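Heads up, data23.txt below (compact mmCIF, C-alpha atoms and all ligand atoms):
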```txt
# COMPACT_ATOMS: atom_id res chain seq x y z
CA MET A 1 -29.44 32.88 -65.30
CA ALA A 2 -27.21 33.75 -62.31
CA GLU A 3 -26.29 37.40 -62.18
CA GLN A 4 -23.64 39.54 -60.54
CA ALA A 5 -22.32 43.06 -60.81
CA GLY A 6 -20.03 43.31 -63.82
CA GLU A 7 -16.85 45.35 -64.26
CA ASP A 8 -18.77 48.48 -65.05
CA GLY A 9 -21.46 47.94 -62.43
CA THR A 10 -23.93 46.41 -64.86
CA ASP A 11 -25.48 43.02 -64.23
CA VAL A 12 -23.88 40.29 -66.28
CA ASP A 13 -24.44 36.57 -66.36
CA VAL A 14 -21.85 34.36 -64.75
CA SER A 15 -21.33 31.44 -67.07
CA LEU A 16 -18.33 29.16 -66.80
CA VAL A 17 -16.35 31.10 -69.37
CA ARG A 18 -16.92 34.65 -68.18
CA PRO A 19 -13.82 36.21 -66.69
CA GLY A 20 -15.47 37.90 -63.65
CA ALA A 21 -15.87 36.24 -60.25
CA ASP A 22 -18.27 36.54 -57.34
CA ASP A 23 -17.38 36.20 -53.66
CA LEU A 24 -18.05 32.46 -53.56
CA GLU A 25 -15.75 31.86 -56.45
CA ARG A 26 -13.07 34.06 -54.94
CA ALA A 27 -13.15 31.81 -51.87
CA ALA A 28 -12.59 28.75 -54.09
CA GLU A 29 -9.79 30.60 -55.86
CA ALA A 30 -7.94 31.50 -52.71
CA ALA A 31 -6.57 27.98 -52.33
CA LEU A 32 -5.10 28.07 -55.82
CA ARG A 33 -3.35 31.44 -55.70
CA PRO A 34 0.41 31.42 -56.16
CA ARG A 35 1.98 32.92 -53.04
CA ARG A 36 5.38 33.97 -54.38
CA LEU A 37 6.59 35.54 -57.61
CA GLU A 38 8.44 32.38 -58.66
CA GLU A 39 5.17 30.39 -58.54
CA PHE A 40 3.35 32.94 -60.69
CA VAL A 41 3.05 31.39 -64.14
CA GLY A 42 3.67 33.42 -67.33
CA GLN A 43 3.66 37.25 -67.67
CA ARG A 44 7.44 37.04 -67.88
CA VAL A 45 8.00 40.72 -68.64
CA VAL A 46 5.87 42.00 -65.77
CA ARG A 47 7.34 39.40 -63.41
CA ASP A 48 10.92 40.37 -64.29
CA GLN A 49 10.23 44.07 -63.97
CA LEU A 50 8.39 43.65 -60.71
CA SER A 51 11.05 41.45 -59.20
CA LEU A 52 13.61 44.21 -59.89
CA VAL A 53 11.41 46.86 -58.29
CA LEU A 54 10.88 44.69 -55.20
CA GLU A 55 14.45 43.53 -54.83
CA ALA A 56 15.77 47.07 -55.15
CA ALA A 57 13.31 48.34 -52.53
CA LEU A 58 14.18 45.50 -50.17
CA GLY A 59 17.89 46.24 -50.67
CA ARG A 60 17.33 49.90 -49.77
CA GLY A 61 15.09 49.00 -46.86
CA ARG A 62 12.41 51.34 -48.26
CA ALA A 63 8.83 50.92 -49.44
CA PRO A 64 8.85 50.47 -53.24
CA ASP A 65 7.20 52.86 -55.69
CA HIS A 66 3.45 52.55 -56.11
CA VAL A 67 2.46 49.84 -58.58
CA LEU A 68 -0.38 49.95 -61.11
CA LEU A 69 -1.55 46.65 -62.59
CA SER A 70 -3.82 46.79 -65.60
CA GLY A 71 -5.45 44.13 -67.71
CA PRO A 72 -8.66 42.17 -68.20
CA PRO A 73 -10.31 40.33 -65.27
CA GLY A 74 -9.02 36.98 -64.09
CA LEU A 75 -5.41 37.37 -65.26
CA GLY A 76 -3.84 37.68 -61.82
CA LYS A 77 -3.88 41.31 -60.63
CA THR A 78 -5.16 40.47 -57.14
CA THR A 79 -2.77 37.54 -56.96
CA LEU A 80 0.16 39.81 -57.85
CA ALA A 81 -0.87 42.37 -55.24
CA MET A 82 -0.79 39.61 -52.62
CA ILE A 83 2.55 38.41 -53.92
CA ILE A 84 4.01 41.94 -53.72
CA ALA A 85 3.08 42.14 -50.04
CA ALA A 86 4.43 38.63 -49.39
CA GLU A 87 7.73 39.34 -51.16
CA LEU A 88 8.14 42.52 -49.12
CA GLY A 89 7.22 40.71 -45.92
CA ALA A 90 4.53 43.39 -45.48
CA SER A 91 0.89 43.11 -44.56
CA LEU A 92 -1.77 43.79 -47.17
CA ARG A 93 -4.84 45.97 -46.82
CA VAL A 94 -7.52 45.41 -49.42
CA THR A 95 -10.18 47.79 -50.63
CA SER A 96 -11.66 48.87 -53.93
CA GLY A 97 -12.87 51.92 -55.82
CA PRO A 98 -16.57 51.05 -55.48
CA ALA A 99 -16.19 50.31 -51.73
CA ILE A 100 -15.00 53.86 -51.11
CA GLN A 101 -18.05 56.09 -51.23
CA HIS A 102 -16.53 59.29 -49.84
CA ALA A 103 -13.09 60.84 -49.57
CA GLY A 104 -13.44 60.41 -45.79
CA ASP A 105 -13.60 56.60 -46.19
CA LEU A 106 -10.28 56.67 -47.98
CA ALA A 107 -8.80 59.10 -45.45
CA ALA A 108 -9.75 56.63 -42.70
CA VAL A 109 -8.04 53.74 -44.49
CA LEU A 110 -4.93 55.78 -45.28
CA SER A 111 -4.54 57.19 -41.80
CA SER A 112 -4.64 53.72 -40.28
CA LEU A 113 -1.86 52.34 -42.50
CA GLU A 114 1.31 51.23 -40.81
CA GLU A 115 4.81 51.74 -42.12
CA GLY A 116 5.61 49.61 -45.17
CA GLU A 117 2.05 48.29 -45.56
CA VAL A 118 0.72 47.52 -49.03
CA LEU A 119 -2.69 48.98 -49.85
CA PHE A 120 -4.44 47.10 -52.65
CA LEU A 121 -6.98 49.30 -54.41
CA ASP A 122 -8.94 47.13 -56.80
CA GLU A 123 -10.96 48.77 -59.58
CA ILE A 124 -9.14 51.99 -58.89
CA HIS A 125 -10.76 53.57 -61.97
CA ARG A 126 -14.06 53.56 -60.07
CA LEU A 127 -12.87 55.83 -57.25
CA ALA A 128 -14.96 58.97 -56.86
CA ARG A 129 -13.19 62.19 -57.88
CA PRO A 130 -12.73 63.66 -54.33
CA ALA A 131 -11.23 60.36 -53.15
CA GLU A 132 -8.96 60.33 -56.19
CA GLU A 133 -7.67 63.79 -55.35
CA LEU A 134 -6.99 62.78 -51.76
CA LEU A 135 -5.13 59.75 -53.04
CA TYR A 136 -2.76 61.82 -55.27
CA VAL A 137 -1.54 63.76 -52.29
CA ALA A 138 -1.25 60.70 -50.08
CA MET A 139 0.74 58.83 -52.72
CA GLU A 140 3.07 61.72 -53.47
CA ASP A 141 3.57 63.45 -50.13
CA PHE A 142 2.44 60.74 -47.68
CA ARG A 143 -0.05 63.16 -46.24
CA VAL A 144 -3.81 63.43 -45.89
CA ASP A 145 -5.59 66.66 -45.23
CA VAL A 146 -8.29 66.02 -42.69
CA VAL A 147 -11.07 68.59 -43.12
CA VAL A 148 -12.51 69.86 -39.86
CA GLY A 149 -15.74 71.88 -39.77
CA LYS A 150 -18.04 72.91 -42.59
CA GLY A 151 -18.52 75.77 -45.04
CA ALA A 152 -16.50 78.97 -44.65
CA GLY A 153 -15.17 77.91 -41.25
CA ALA A 154 -13.77 74.59 -42.49
CA SER A 155 -10.04 74.04 -42.24
CA ALA A 156 -7.70 71.28 -43.35
CA ILE A 157 -5.34 69.72 -40.85
CA PRO A 158 -2.45 67.93 -42.53
CA LEU A 159 -1.75 64.48 -41.15
CA SER A 160 1.47 62.78 -42.17
CA LEU A 161 1.43 59.14 -43.11
CA PRO A 162 4.20 56.56 -42.81
CA PRO A 163 5.64 55.34 -46.14
CA PHE A 164 3.40 52.73 -47.75
CA THR A 165 2.86 51.28 -51.21
CA VAL A 166 -0.33 51.49 -53.20
CA VAL A 167 -1.00 48.64 -55.61
CA GLY A 168 -3.80 49.77 -57.89
CA ALA A 169 -5.61 47.37 -60.20
CA THR A 170 -7.72 48.32 -63.15
CA THR A 171 -9.33 46.69 -66.13
CA ARG A 172 -9.52 50.13 -67.75
CA ALA A 173 -6.20 51.94 -67.47
CA GLY A 174 -7.46 54.43 -70.05
CA LEU A 175 -10.11 55.69 -67.63
CA LEU A 176 -7.56 56.73 -65.01
CA PRO A 177 -6.91 60.46 -65.00
CA ALA A 178 -3.32 61.31 -65.92
CA PRO A 179 -2.44 62.84 -62.52
CA LEU A 180 -3.36 59.57 -60.80
CA ARG A 181 -1.61 57.40 -63.39
CA ASP A 182 1.52 59.51 -63.02
CA ARG A 183 1.73 58.77 -59.28
CA PHE A 184 2.58 55.14 -60.04
CA GLY A 185 6.30 54.51 -60.41
CA PHE A 186 5.69 51.17 -62.07
CA THR A 187 2.88 50.04 -64.35
CA GLY A 188 2.53 46.42 -65.37
CA HIS A 189 0.11 45.36 -68.06
CA LEU A 190 -1.11 41.77 -67.85
CA ASP A 191 -1.95 40.07 -71.11
CA PHE A 192 -3.89 36.93 -71.98
CA TYR A 193 -1.96 33.69 -71.36
CA SER A 194 -0.80 31.24 -74.00
CA ASP A 195 -2.19 27.69 -73.94
CA ASP A 196 1.20 26.43 -72.70
CA GLU A 197 1.10 28.81 -69.77
CA LEU A 198 -2.48 27.84 -68.94
CA GLU A 199 -1.47 24.18 -68.98
CA ARG A 200 1.15 25.00 -66.37
CA VAL A 201 -1.46 26.84 -64.28
CA LEU A 202 -3.73 23.79 -64.55
CA VAL A 203 -1.07 21.26 -63.63
CA ARG A 204 -0.13 23.35 -60.60
CA SER A 205 -3.78 23.75 -59.55
CA ALA A 206 -4.54 20.04 -60.00
CA GLY A 207 -1.55 19.28 -57.78
CA LEU A 208 -2.93 21.59 -55.09
CA LEU A 209 -6.39 20.00 -55.40
CA GLY A 210 -4.79 16.56 -55.14
CA ALA A 211 -6.59 15.47 -58.32
CA PRO A 212 -4.61 13.68 -61.03
CA LEU A 213 -4.72 15.56 -64.34
CA GLU A 214 -3.48 13.91 -67.51
CA ALA A 215 -1.38 16.02 -69.88
CA ALA A 216 -3.86 15.70 -72.76
CA ALA A 217 -6.69 16.83 -70.49
CA ALA A 218 -4.65 19.84 -69.35
CA ALA A 219 -4.11 20.79 -73.00
CA GLU A 220 -7.80 20.39 -73.77
CA ILE A 221 -8.94 22.52 -70.84
CA ALA A 222 -6.27 25.16 -71.58
CA SER A 223 -7.42 25.51 -75.18
CA ARG A 224 -10.98 26.30 -74.02
CA SER A 225 -10.00 28.75 -71.27
CA ARG A 226 -9.89 32.00 -73.26
CA GLY A 227 -6.34 32.82 -72.20
CA THR A 228 -7.54 33.36 -68.63
CA PRO A 229 -6.27 31.48 -65.54
CA ARG A 230 -9.50 32.10 -63.63
CA ILE A 231 -11.50 30.35 -66.37
CA ALA A 232 -8.91 27.55 -66.58
CA ASN A 233 -9.18 26.87 -62.84
CA ARG A 234 -12.96 27.03 -62.99
CA LEU A 235 -13.15 24.52 -65.85
CA LEU A 236 -10.68 22.32 -64.00
CA ARG A 237 -13.00 22.19 -60.98
CA ARG A 238 -15.92 21.19 -63.20
CA VAL A 239 -13.85 18.47 -64.89
CA ARG A 240 -12.83 17.20 -61.47
CA ASP A 241 -16.54 16.99 -60.52
CA TRP A 242 -17.30 15.00 -63.64
CA ALA A 243 -14.36 12.65 -63.09
CA GLN A 244 -15.46 12.07 -59.50
CA VAL A 245 -19.18 11.58 -60.16
CA ARG A 246 -19.33 10.00 -63.61
CA GLY A 247 -15.79 8.81 -64.23
CA ASP A 248 -13.12 6.94 -62.35
CA GLY A 249 -11.67 9.99 -60.59
CA ARG A 250 -8.94 10.56 -63.17
CA MET A 251 -9.04 13.74 -65.21
CA SER A 252 -8.37 12.17 -68.60
CA LEU A 253 -8.92 13.67 -72.04
CA ASP A 254 -12.26 11.86 -72.30
CA ALA A 255 -13.34 13.15 -68.90
CA ALA A 256 -12.39 16.71 -69.85
CA ARG A 257 -14.28 16.54 -73.13
CA ALA A 258 -17.36 14.97 -71.55
CA ALA A 259 -17.44 17.50 -68.70
CA LEU A 260 -17.05 20.48 -71.02
CA GLU A 261 -19.80 19.13 -73.21
CA VAL A 262 -22.12 18.97 -70.20
CA TYR A 263 -21.30 22.63 -69.47
CA GLU A 264 -21.66 23.59 -73.15
CA VAL A 265 -18.18 25.03 -73.47
CA ASP A 266 -17.10 24.29 -77.03
CA ALA A 267 -13.68 23.57 -78.51
CA ARG A 268 -12.83 27.27 -78.76
CA GLY A 269 -14.14 28.17 -75.31
CA LEU A 270 -17.44 29.61 -76.55
CA ASP A 271 -20.59 29.06 -74.52
CA ARG A 272 -24.22 29.00 -75.53
CA LEU A 273 -24.69 32.78 -75.67
CA ASP A 274 -21.53 33.25 -77.75
CA ARG A 275 -22.68 30.58 -80.19
CA SER A 276 -26.19 31.94 -80.47
CA VAL A 277 -24.79 35.38 -81.34
CA LEU A 278 -22.67 33.83 -84.09
CA ASP A 279 -25.55 31.69 -85.24
CA ALA A 280 -27.93 34.64 -85.51
CA LEU A 281 -25.32 36.74 -87.29
CA CYS A 282 -24.56 34.07 -89.89
CA ARG A 283 -27.84 32.23 -90.39
CA ARG A 284 -30.40 34.98 -89.84
CA PHE A 285 -28.58 38.03 -91.06
CA GLY A 286 -26.35 36.50 -93.73
CA GLY A 287 -23.22 37.64 -91.89
CA GLY A 288 -24.40 41.24 -91.26
CA PRO A 289 -23.84 44.09 -90.87
CA VAL A 290 -26.60 44.09 -88.28
CA GLY A 291 -27.27 46.59 -85.50
CA LEU A 292 -26.62 45.60 -81.89
CA THR A 293 -30.26 45.98 -80.84
CA THR A 294 -31.55 43.79 -83.66
CA LEU A 295 -28.91 41.18 -82.95
CA ALA A 296 -29.79 41.22 -79.23
CA VAL A 297 -33.50 40.75 -79.97
CA ALA A 298 -32.63 37.81 -82.21
CA VAL A 299 -30.81 36.03 -79.39
CA GLY A 300 -33.33 37.05 -76.71
CA GLU A 301 -30.89 39.13 -74.66
CA GLU A 302 -30.41 42.76 -73.69
CA PRO A 303 -28.15 44.72 -76.08
CA GLU A 304 -25.88 45.48 -73.14
CA THR A 305 -25.45 41.77 -72.38
CA VAL A 306 -24.48 41.02 -75.96
CA GLU A 307 -22.12 43.98 -76.03
CA THR A 308 -20.39 43.50 -72.69
CA VAL A 309 -20.66 39.77 -72.10
CA ALA A 310 -20.40 38.00 -75.46
CA GLU A 311 -18.84 40.46 -77.81
CA PRO A 312 -15.42 41.21 -76.29
CA PHE A 313 -14.23 37.61 -76.69
CA LEU A 314 -15.85 37.15 -80.11
CA VAL A 315 -14.12 40.30 -81.37
CA ARG A 316 -10.80 39.32 -79.77
CA GLU A 317 -11.00 35.91 -81.40
CA GLY A 318 -11.58 37.42 -84.84
CA LEU A 319 -15.05 35.87 -85.07
CA VAL A 320 -17.05 39.10 -85.09
CA GLY A 321 -16.18 42.55 -86.40
CA ARG A 322 -17.66 45.89 -85.34
CA THR A 323 -18.27 48.30 -88.19
CA PRO A 324 -20.05 51.67 -88.26
CA ARG A 325 -23.01 49.89 -89.90
CA GLY A 326 -23.21 47.12 -87.32
CA ARG A 327 -21.77 43.74 -86.38
CA VAL A 328 -20.41 41.43 -89.06
CA ALA A 329 -19.46 37.76 -88.98
CA LEU A 330 -15.82 37.25 -89.97
CA PRO A 331 -14.68 34.18 -91.93
CA ALA A 332 -13.64 32.37 -88.72
CA ALA A 333 -17.24 32.59 -87.46
CA TRP A 334 -18.60 30.79 -90.50
CA GLU A 335 -15.88 28.20 -90.19
CA HIS A 336 -16.58 27.70 -86.48
CA LEU A 337 -20.25 26.98 -87.22
CA GLY A 338 -19.35 24.70 -90.14
CA LEU A 339 -20.93 27.08 -92.65
CA VAL A 340 -19.68 28.52 -95.90
CA PRO A 341 -19.73 32.33 -96.15
CA PRO A 342 -22.17 33.47 -98.88
CA SER A 343 -19.51 35.25 -100.94
CA ALA A 344 -17.35 32.10 -101.03
CA GLY A 345 -19.99 29.60 -102.00
CA GLY A 346 -23.21 31.46 -102.70
CA THR A 347 -25.01 29.38 -100.07
CA LEU A 348 -25.18 29.58 -96.33
CA PHE A 349 -24.78 25.89 -95.67
CA ALA A 350 -21.86 23.61 -96.17
N1 LIG B 401 -0.03 33.69 -63.28
C1 LIG B 401 -0.81 32.89 -62.59
N2 LIG B 401 -0.37 31.68 -62.20
C2 LIG B 401 -1.19 30.84 -61.53
N3 LIG B 401 -2.47 31.13 -61.20
C3 LIG B 401 -2.95 32.32 -61.56
C4 LIG B 401 -2.14 33.25 -62.26
N4 LIG B 401 -2.87 34.36 -62.50
C5 LIG B 401 -4.08 34.13 -61.96
N5 LIG B 401 -4.14 32.91 -61.40
C6 LIG B 401 -5.30 32.33 -60.74
O1 LIG B 401 -6.48 32.82 -61.38
C7 LIG B 401 -7.46 33.21 -60.43
C8 LIG B 401 -7.85 34.65 -60.67
O2 LIG B 401 -6.76 35.51 -60.42
P1 LIG B 401 -6.93 36.97 -59.78
O3 LIG B 401 -8.06 36.99 -58.80
O4 LIG B 401 -5.59 37.39 -59.28
O5 LIG B 401 -7.33 37.80 -61.07
P2 LIG B 401 -7.62 39.36 -61.19
O6 LIG B 401 -6.86 39.84 -62.40
O7 LIG B 401 -7.36 40.07 -59.92
O8 LIG B 401 -9.16 39.37 -61.52
P3 LIG B 401 -10.24 40.53 -61.18
O9 LIG B 401 -9.84 41.69 -62.01
O10 LIG B 401 -11.55 39.90 -61.61
O11 LIG B 401 -10.18 40.78 -59.72
C9 LIG B 401 -6.84 32.93 -59.06
O12 LIG B 401 -7.30 31.67 -58.60
C10 LIG B 401 -5.37 32.84 -59.30
O13 LIG B 401 -4.78 31.92 -58.45
```

Translate the structure of the given file into structure tokens.
Ligand SMILES: Nc1ncnc2c1ncn2[C@@H]1O[C@H](COP(=O)(O)OP(=O)(O)OP(=O)(O)O)[C@@H](O)[C@H]1O
Amino acid sequence: MAEQAGEDGTDVDVSLVRPGADDLERAAEAALRPRRLEEFVGQRVVRDQLSLVLEAALGRGRAPDHVLLSGPPGLGKTTLAMIIAAELGASLRVTSGPAIQHAGDLAAVLSSLEEGEVLFLDEIHRLARPAEELLYVAMEDFRVDVVVGKGAGASAIPLSLPPFTVVGATTRAGLLPAPLRDRFGFTGHLDFYSDDELERVLVRSAGLLGAPLEAAAAAEIASRSRGTPRIANRLLRRVRDWAQVRGDGRMSLDAARAALEVYEVDARGLDRLDRSVLDALCRRFGGGPVGLTTLAVAVGEEPETVETVAEPFLVREGLVGRTPRGRVALPAAWEHLGLVPPSAGGTLFA
């Protein structure tokens, strides 16, 4: 199973329907990114609010307030950071919490910023505490204190910075300390996309790929994409492969269904691991409650993988519930597997 560092630094598997992305995938994504706010599909509230912030700043000829974007992976935070820079006609500097090991690394980035530049700080919740403290001051007073010397003889030389805008992105806004959160003048929360919005993302992407996508196929792919544009675009690329290699090049409904069957992405966007968790819960444990460790052993995975990789979507979809006594299968889980819950019929099988 391919592995990569997950959101929280743990290793997670990268299946077609996981929201994270590795560097290779990010390269494939680059071609599909909307470049301007008007091309950015969905997230109407955040888009409207952001367009006001940007227009006002442009009108005043000043750098806008710092922007914090929060929300699950793959919903467009990086894309929006790029769009913010493009709308401002500013250049973008990109770094991330995990890439900054020491406060000095951040001081070096900050002190090389030019006036009006946008600094994108991905995974800002993973910044080390000393770097975080340096960032507060830089964001508020446009100043970094460069420490010279060591121990009792050390002194801080203040260095002023030109006005710039930080765009911070986080999947865990709750982990940001209040003083850092308060430095952002605007916070936008990105939410999962509706199927209609994902269809629009898909139609736009297919146009950019120069691959004809039929409306019914767009709807089918959208409905299996877990509300996430990154997953929608990824499934689209796999359907395009199928259409090219096994079909007639057209991405029709049949091609979409056949391709997604090959990749074991079911009608609700669940993959093999998701289904085996549901299967174990319902068939082996009668719907639970069952402890995470026992459930993980039953599906042959680490508890952490079940908890961080499969569970979030299953819980969000109302298929699995978390109770103090363990995981339980909810009615939708039984229905999804074509089973009858024991309480309803007294038997596990339809
Ligand atoms: N609103 C949107 N309209 C069109 N395409 C989108 C939209 N949002 C995201 N995408 C596409 O989805 C892919 C992933 O988006 P992006 O990298 O911006 O997500 P992210 O939230 O930054 O994810 P991560 O937190 O993992 O870095 C990109 O290819 C991007 O073009």

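Between CA of Leu180 (chain A) and CA of Val94 (chain A) the interatomic distance comes to 18.6 Å.
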
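For the point (-20.3, 36.8, -77.2), the residues with an atom at a distance of at most 9 Å are Leu270, Asp271, Arg272, Leu273, Asp274, Arg275, Ser276, Val277, Leu278, Thr305, Val306, Glu307, Thr308, Val309, Ala310, Glu311, Pro312, Phe313, Leu314, Val315 and Val320 of chain A, counting only C-alpha atoms.
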
Residues up to 8 Å from ligand LIG 401 (chain B), counting all atoms listed in the file: could you list those as a ChimeraX atom specification? /A:19-21,26,28-34,39-43,71-81,122-123,169-171,200-201,204-205,228-233

Please indicate the distance in Å from CA of Val203 (chain A) to CA of Arg257 (chain A), rounded to one decimal place. 16.9 Å

Would you place a box with edges along x, y and z of the file around all atoms of region 254-261 of chain A listed there, add 5 Å to each of its six sides, and report the centre and edge lengths in Å to one decimal, as lines of an AutoDock Vina configuration file?
```
center_x = -16.0
center_y = 16.2
center_z = -71.0
size_x = 17.5
size_y = 18.6
size_z = 14.5
```

Which residue gives the smallest distance to Ala108 (chain A) among A:Glu38, A:Asp182, A:Asp145, A:Asp241, with all atoms listed in the file counted? A:Asp145

Neighbours of Leu50 (chain A) within 10 Å (all atoms listed in the file; same-chain residues fewer than 3 positions away dropped), as a ChimeraX atom specification? /A:37,44-47,53-56,67,80,84,186-188

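In this structure, CA of Ala243 (chain A) sits 20.4 Å away from CA of Glu25 (chain A).
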
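Shortest separation to Ala107 (chain A) among A:Leu159, A:His66, A:Ala128, A:Lys150 occurs at residue A:Leu159, atoms counted being all atoms listed in the file.
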
Here's a test: counting all atoms listed in the file, identify every protein, DNA and RNA residue with an atom at most 12 Å from (-1.4, 59.6, -62.7) in the file's coordinate frame, and state them as a list in words. His66, Val67, Leu68, Ile124, His125, Glu132, Glu133, Leu135, Tyr136, Val137, Met139, Glu140, Gly168, Ala173, Gly174, Leu175, Leu176, Pro177, Ala178, Pro179, Leu180, Arg181, Asp182, Arg183, Phe184, Gly185, Phe186 and Thr187 of chain A

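For Leu260 (chain A), the non-local neighbours within 9 Å, defined as residues at least 6 positions apart in the same chain or in other chains and counting only C-alpha atoms, are Ile221, Arg224, Leu235, Arg238, Val239, Asp266 and Ala267 of chain A.
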
Can you list, as a PyMOL selection string, every protein, DNA or RNA residue that comes within 10 Å of Pro130 (chain A) when you count all atoms listed in the file, leaving out same-chain residues fewer than 6 positions away? chain A and resi 101-104+106

Selection export as a PDB file, in the coordinates of the input, atoms kept: C-alpha atoms:
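After the write, again.pdb holds the following:
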```pdb
ATOM      1  CA  GLN A 101     -18.050  56.090 -51.230  1.00  0.00           C
ATOM      2  CA  HIS A 102     -16.530  59.290 -49.840  1.00  0.00           C
ATOM      3  CA  ALA A 103     -13.090  60.840 -49.570  1.00  0.00           C
ATOM      4  CA  GLY A 104     -13.440  60.410 -45.790  1.00  0.00           C
ATOM      5  CA  LEU A 106     -10.280  56.670 -47.980  1.00  0.00           C
TER       6      LEU A 106
END
```
